[in-house]
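Colleague: Once you've had a glance at the structure underneath, I'll fire off some questions.
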Amino acid sequence: MKEKFVNALELPRELVLNVPKITVTGKDKILIESYKSLVSYETECVKLSTSVGTLSLFGKDLTIKEITSEDIIVQGKVGKLEFNA
Amino acid sequence: MIFKLINFFRGIVHIKIEGKFIERFINICTYHNVFLWDIVKVDSRSMTMFLSRKAFREVDQVAEKAKVTVEVLKKSGLPYILGKYKKRKAFAIGALLFLIVTIYLMSLVWYVEVIGNEEVSTDELLEEVKKSGIYVGASKRNINTDDVISTLMLDRDDLSWAGVYIKGTKVTLHVTERDLPPIVEDDSLPADIMALKDGVIQEVIVKAGVAAVKKGDSVFKGDVLIKGDVPLKFSENKLHVHAKGEVYATTWYEIKEPVPEFKTVKELTGKTYKKTRIDIFGVSIPLPKPVAMSYGEYEMEVLEKPLIIGRNVYLPVTTEVSLYKEVQSKDIALDEEQALEYCVSLIEERAVDVIPEEAQILAKYRRYVYDDNGKKYVEMIFECKEDIGFNVVKEITENS
């Protein structure tokens, strides 16, 4: 119902539905907006919990460039993104 | 860039977190709106990260909750730099004092310059504006330039315009002089015109009165040249007027000078000696020199240099350099022609003082004369044309 409403009005989904928005710049910078919390942080893997499940980022030399309650910027050699329900 | 600059002013703390649940620590931080950046995992149990000085105060509480230990690696930014100096009280007081003294000194006048004056002396004008509060060491705030100008213009009638500008610590007084009106002779009293010196009359121009001499007459000092008594046609009595007119006469000036045998010439030896004085707040301090000046004869030059910051900030410090140049007197023997030439030049120099400026030199004669001892002189005669008349007010008796 909510989804149909948002689609019909073409509202920004991430704000209304509170789903994460992931922006990848090049292959070394990932911005994740509206995440919930940081689950684990290793240099090879960063796990975040979001409203749609756990988001895992795999790569090498990963660092957390910035982190606030709203968004997080991960930097490093990013390999892949994975969602686990 | 801006982010870094803001953080520099806020203060940055680089910390190392050690523990089992570092992610928990980060989550609590973000929950409390503590901004973290550049989080790097060092090993399985520790991470390093940056946060602001303000956030750092809350870190201990959060660390306790997350059961991690916090180690400060580095504190940087302006608040920490200032904090270092907080303990050095003397330094802080000194810095503050320096600032206050500088600001105070900048509010004073350190140099007064007078420009545009030719006849009126600079010292006189400086004395004049001193009354209105412009002097070295005066406070700039108390100077009202309009007041200064109006008092100056009211007090002095030899100025036609004055301007005062304050630039930095320098006050410039710019004046323009007024040409004074000629002094009007009081011609209400009857007067004659008399001869001021001996001469032969060349021209008589009478404007009031009756001419008593004519062209070609020889007159002596004190002779009446134009009479103020005008005879009346139908009366025995005379009309007494203030005689006016110009009487041009040929006059002669004799100047004698012994013929010199030699000429004294001063020559620079090329040796110089410098003496420096520093003038601070009117107190002159000579700088010591290892060797004292030993010249018998010397010429001196004084260079004064005020200390200026930029273009307009004059400081109350002046360096005064006295440059002594050694000279040596030398007598040069002169032959007859050179002696005459030198003698004539000496006479010409003296003539400037003797002959009045208004006189027109018509001719110059020169000859050798000898005194009783046989000493040789050059005598020069200057033939001039000049107005020799001057007014003499006389008392009138009824019968004259």
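Labels for the structure tokens follow display order: chains A, B, ..., residues from 1 in each chain, ligands from 1.
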Using only C-alpha atoms and a distance of at most 12 Å, pull out the residues of chain B that contact chain A, as a PyMOL selection string.

Modeller: chain B and resi 20-51

Colleague: Any chance you could export the current selection's C-alpha atoms as an mmCIF file, in the first residue's frame?

Modeller:
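Below is the file again.cif, written as the result:
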```cif
data_model
loop_
_atom_site.group_PDB
_atom_site.id
_atom_site.type_symbol
_atom_site.label_atom_id
_atom_site.label_comp_id
_atom_site.auth_asym_id
_atom_site.auth_seq_id
_atom_site.Cartn_x
_atom_site.Cartn_y
_atom_site.Cartn_z
ATOM 1 C CA LYS B 20 36.034 -6.397 22.536
ATOM 2 C CA PHE B 21 33.045 -4.380 21.442
ATOM 3 C CA ILE B 22 34.448 -1.431 19.573
ATOM 4 C CA GLU B 23 31.503 -1.446 17.109
ATOM 5 C CA ARG B 24 29.248 -0.961 20.119
ATOM 6 C CA PHE B 25 31.323 2.024 21.144
ATOM 7 C CA ILE B 26 30.965 3.523 17.651
ATOM 8 C CA ASN B 27 27.232 2.937 17.630
ATOM 9 C CA ILE B 28 26.748 4.622 20.993
ATOM 10 C CA CYS B 29 28.841 7.520 19.795
ATOM 11 C CA THR B 30 26.748 8.006 16.662
ATOM 12 C CA TYR B 31 23.597 7.656 18.727
ATOM 13 C CA HIS B 32 24.775 10.544 20.922
ATOM 14 C CA ASN B 33 25.569 12.556 17.804
ATOM 15 C CA VAL B 34 29.300 12.316 18.335
ATOM 16 C CA PHE B 35 30.941 12.699 14.995
ATOM 17 C CA LEU B 36 33.796 10.270 14.274
ATOM 18 C CA TRP B 37 36.081 10.150 11.269
ATOM 19 C CA ASP B 38 38.993 8.230 9.810
ATOM 20 C CA ILE B 39 38.315 5.039 11.751
ATOM 21 C CA VAL B 40 41.096 2.543 11.029
ATOM 22 C CA LYS B 41 41.294 -0.975 12.391
ATOM 23 C CA VAL B 42 44.756 -1.574 13.780
ATOM 24 C CA ASP B 43 44.356 -5.156 14.975
ATOM 25 C CA SER B 44 41.545 -7.409 16.101
ATOM 26 C CA ARG B 45 41.206 -5.614 19.436
ATOM 27 C CA SER B 46 41.876 -1.974 18.637
ATOM 28 C CA MET B 47 40.983 0.886 16.317
ATOM 29 C CA THR B 48 42.146 4.479 15.973
ATOM 30 C CA MET B 49 39.833 7.351 15.198
ATOM 31 C CA PHE B 50 39.470 11.125 15.302
ATOM 32 C CA LEU B 51 36.899 13.199 17.116
#
```

Colleague: Among chain A, which ones does DSSP assign to alpha helix (DSSP H) (computed from the backbone)? Answer as an MDAnalysis selection string.

Modeller: chainID A and resid 2:9 13:16

Colleague: Could you tell me how far atom CA of A:Val46 lies from atom CA of A:Val78, in Å and to one decimal?

Modeller: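 Atom-to-atom, atom CA of A:Val46 and atom CA of A:Val78 are spaced 10.3 Å apart.
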
Colleague: Suppose you want the space between atom CA of B:Ala191 and atom CA of B:Ala211; what is it in Å?

Modeller: 13.0 Å

Colleague: Per DSSP on the backbone, filter stretch 5-85 of chain A down to the residues in strand (DSSP E) and report them as a PyMOL selection string.

Modeller: chain A and resi 21-25+29-33+37-41+45-50+53-67+71-84

Colleague: Please provide as a list in words all residues within 8 Å of stretch 220-237 of chain B, with the sequence filter that same-chain residues fewer than 4 positions apart are discarded (counting only C-alpha atoms).

Modeller: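 Non-adjacent residues within range: Pro190, Ala191, Asp192, Ile193, Met194, Ala195, Leu196, Lys197, Asp198, Gly199, Val206, Ala208, Gly209, Val210, Ala211, Ala212, Val213, Val241, His242, Ala243, Lys244, Gly245, Val247, Gly389, Asn399 and Ser400 of chain B.
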
Colleague: Using the selection just defined, write its residues with N, CA and C atoms as a short mmCIF file (atom, residue, chain, number, x, y, z; two decimals), in the first residue's frame.

Modeller:
```cif
data_model
loop_
_atom_site.label_atom_id
_atom_site.label_comp_id
_atom_site.auth_asym_id
_atom_site.auth_seq_id
_atom_site.Cartn_x
_atom_site.Cartn_y
_atom_site.Cartn_z
N PRO B 190 53.43 116.85 7.26
CA PRO B 190 54.31 117.49 6.29
C PRO B 190 55.73 116.92 6.43
N ALA B 191 56.37 116.73 5.29
CA ALA B 191 57.71 116.14 5.34
C ALA B 191 58.49 116.53 4.11
N ASP B 192 59.83 116.53 4.27
CA ASP B 192 60.75 116.75 3.15
C ASP B 192 61.34 115.42 2.74
N ILE B 193 61.95 115.43 1.57
CA ILE B 193 62.73 114.25 1.21
C ILE B 193 64.19 114.65 1.26
N MET B 194 64.97 113.92 1.99
CA MET B 194 66.38 114.24 2.17
C MET B 194 67.25 113.15 1.56
N ALA B 195 68.50 113.53 1.36
CA ALA B 195 69.44 112.57 0.78
C ALA B 195 69.94 111.61 1.86
N LEU B 196 69.97 110.38 1.52
CA LEU B 196 70.40 109.33 2.46
C LEU B 196 71.92 109.17 2.38
N LYS B 197 72.46 109.53 1.22
CA LYS B 197 73.91 109.42 1.03
C LYS B 197 74.35 110.41 -0.04
N ASP B 198 75.67 110.52 -0.17
CA ASP B 198 76.22 111.45 -1.17
C ASP B 198 75.99 110.91 -2.56
N GLY B 199 75.92 111.84 -3.54
CA GLY B 199 75.77 111.38 -4.91
C GLY B 199 75.54 112.54 -5.86
N VAL B 206 59.09 114.22 -9.07
CA VAL B 206 58.36 114.78 -7.94
C VAL B 206 56.90 114.38 -8.05
N ALA B 208 54.85 114.97 -5.08
CA ALA B 208 54.24 115.99 -4.22
C ALA B 208 55.38 116.84 -3.66
N GLY B 209 55.19 118.16 -3.63
CA GLY B 209 56.24 119.04 -3.13
C GLY B 209 56.96 119.74 -4.27
N VAL B 210 58.10 120.35 -3.94
CA VAL B 210 58.85 121.10 -4.93
C VAL B 210 60.27 120.56 -4.95
N ALA B 211 60.79 120.32 -6.17
CA ALA B 211 62.15 119.80 -6.28
C ALA B 211 63.15 120.84 -5.82
N ALA B 212 64.13 120.44 -5.01
CA ALA B 212 65.12 121.37 -4.53
C ALA B 212 66.44 121.18 -5.27
N VAL B 213 66.56 120.12 -6.00
CA VAL B 213 67.79 119.86 -6.75
C VAL B 213 67.42 119.54 -8.20
N VAL B 241 53.12 120.16 2.64
CA VAL B 241 52.66 118.85 2.18
C VAL B 241 53.69 117.78 2.57
N HIS B 242 53.28 116.58 2.40
CA HIS B 242 54.17 115.44 2.64
C HIS B 242 54.84 115.15 1.30
N ALA B 243 56.11 115.53 1.21
CA ALA B 243 56.79 115.40 -0.09
C ALA B 243 56.87 113.94 -0.52
N LYS B 244 56.64 113.79 -1.82
CA LYS B 244 56.70 112.44 -2.37
C LYS B 244 57.47 112.50 -3.67
N GLY B 245 58.17 111.45 -3.93
CA GLY B 245 58.88 111.41 -5.21
C GLY B 245 60.09 110.52 -5.13
N VAL B 247 64.23 110.28 -6.18
CA VAL B 247 65.40 111.02 -6.61
C VAL B 247 66.49 110.01 -6.90
N GLY B 389 66.50 109.20 -1.84
CA GLY B 389 65.62 110.03 -1.01
C GLY B 389 64.97 109.26 0.11
N ASN B 399 55.64 130.64 11.11
CA ASN B 399 56.18 131.62 10.16
C ASN B 399 56.86 131.01 8.94
N SER B 400 57.17 129.79 9.02
CA SER B 400 57.97 129.22 7.93
C SER B 400 57.20 129.16 6.62
#
```

Colleague: If you measure from atom CA of B:Glu336 to atom CA of B:Ile381, what distance in Å do you get, rounded to one decimal?

Modeller: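 Between atom CA of B:Glu336 and atom CA of B:Ile381 the gap is 20.2 Å.
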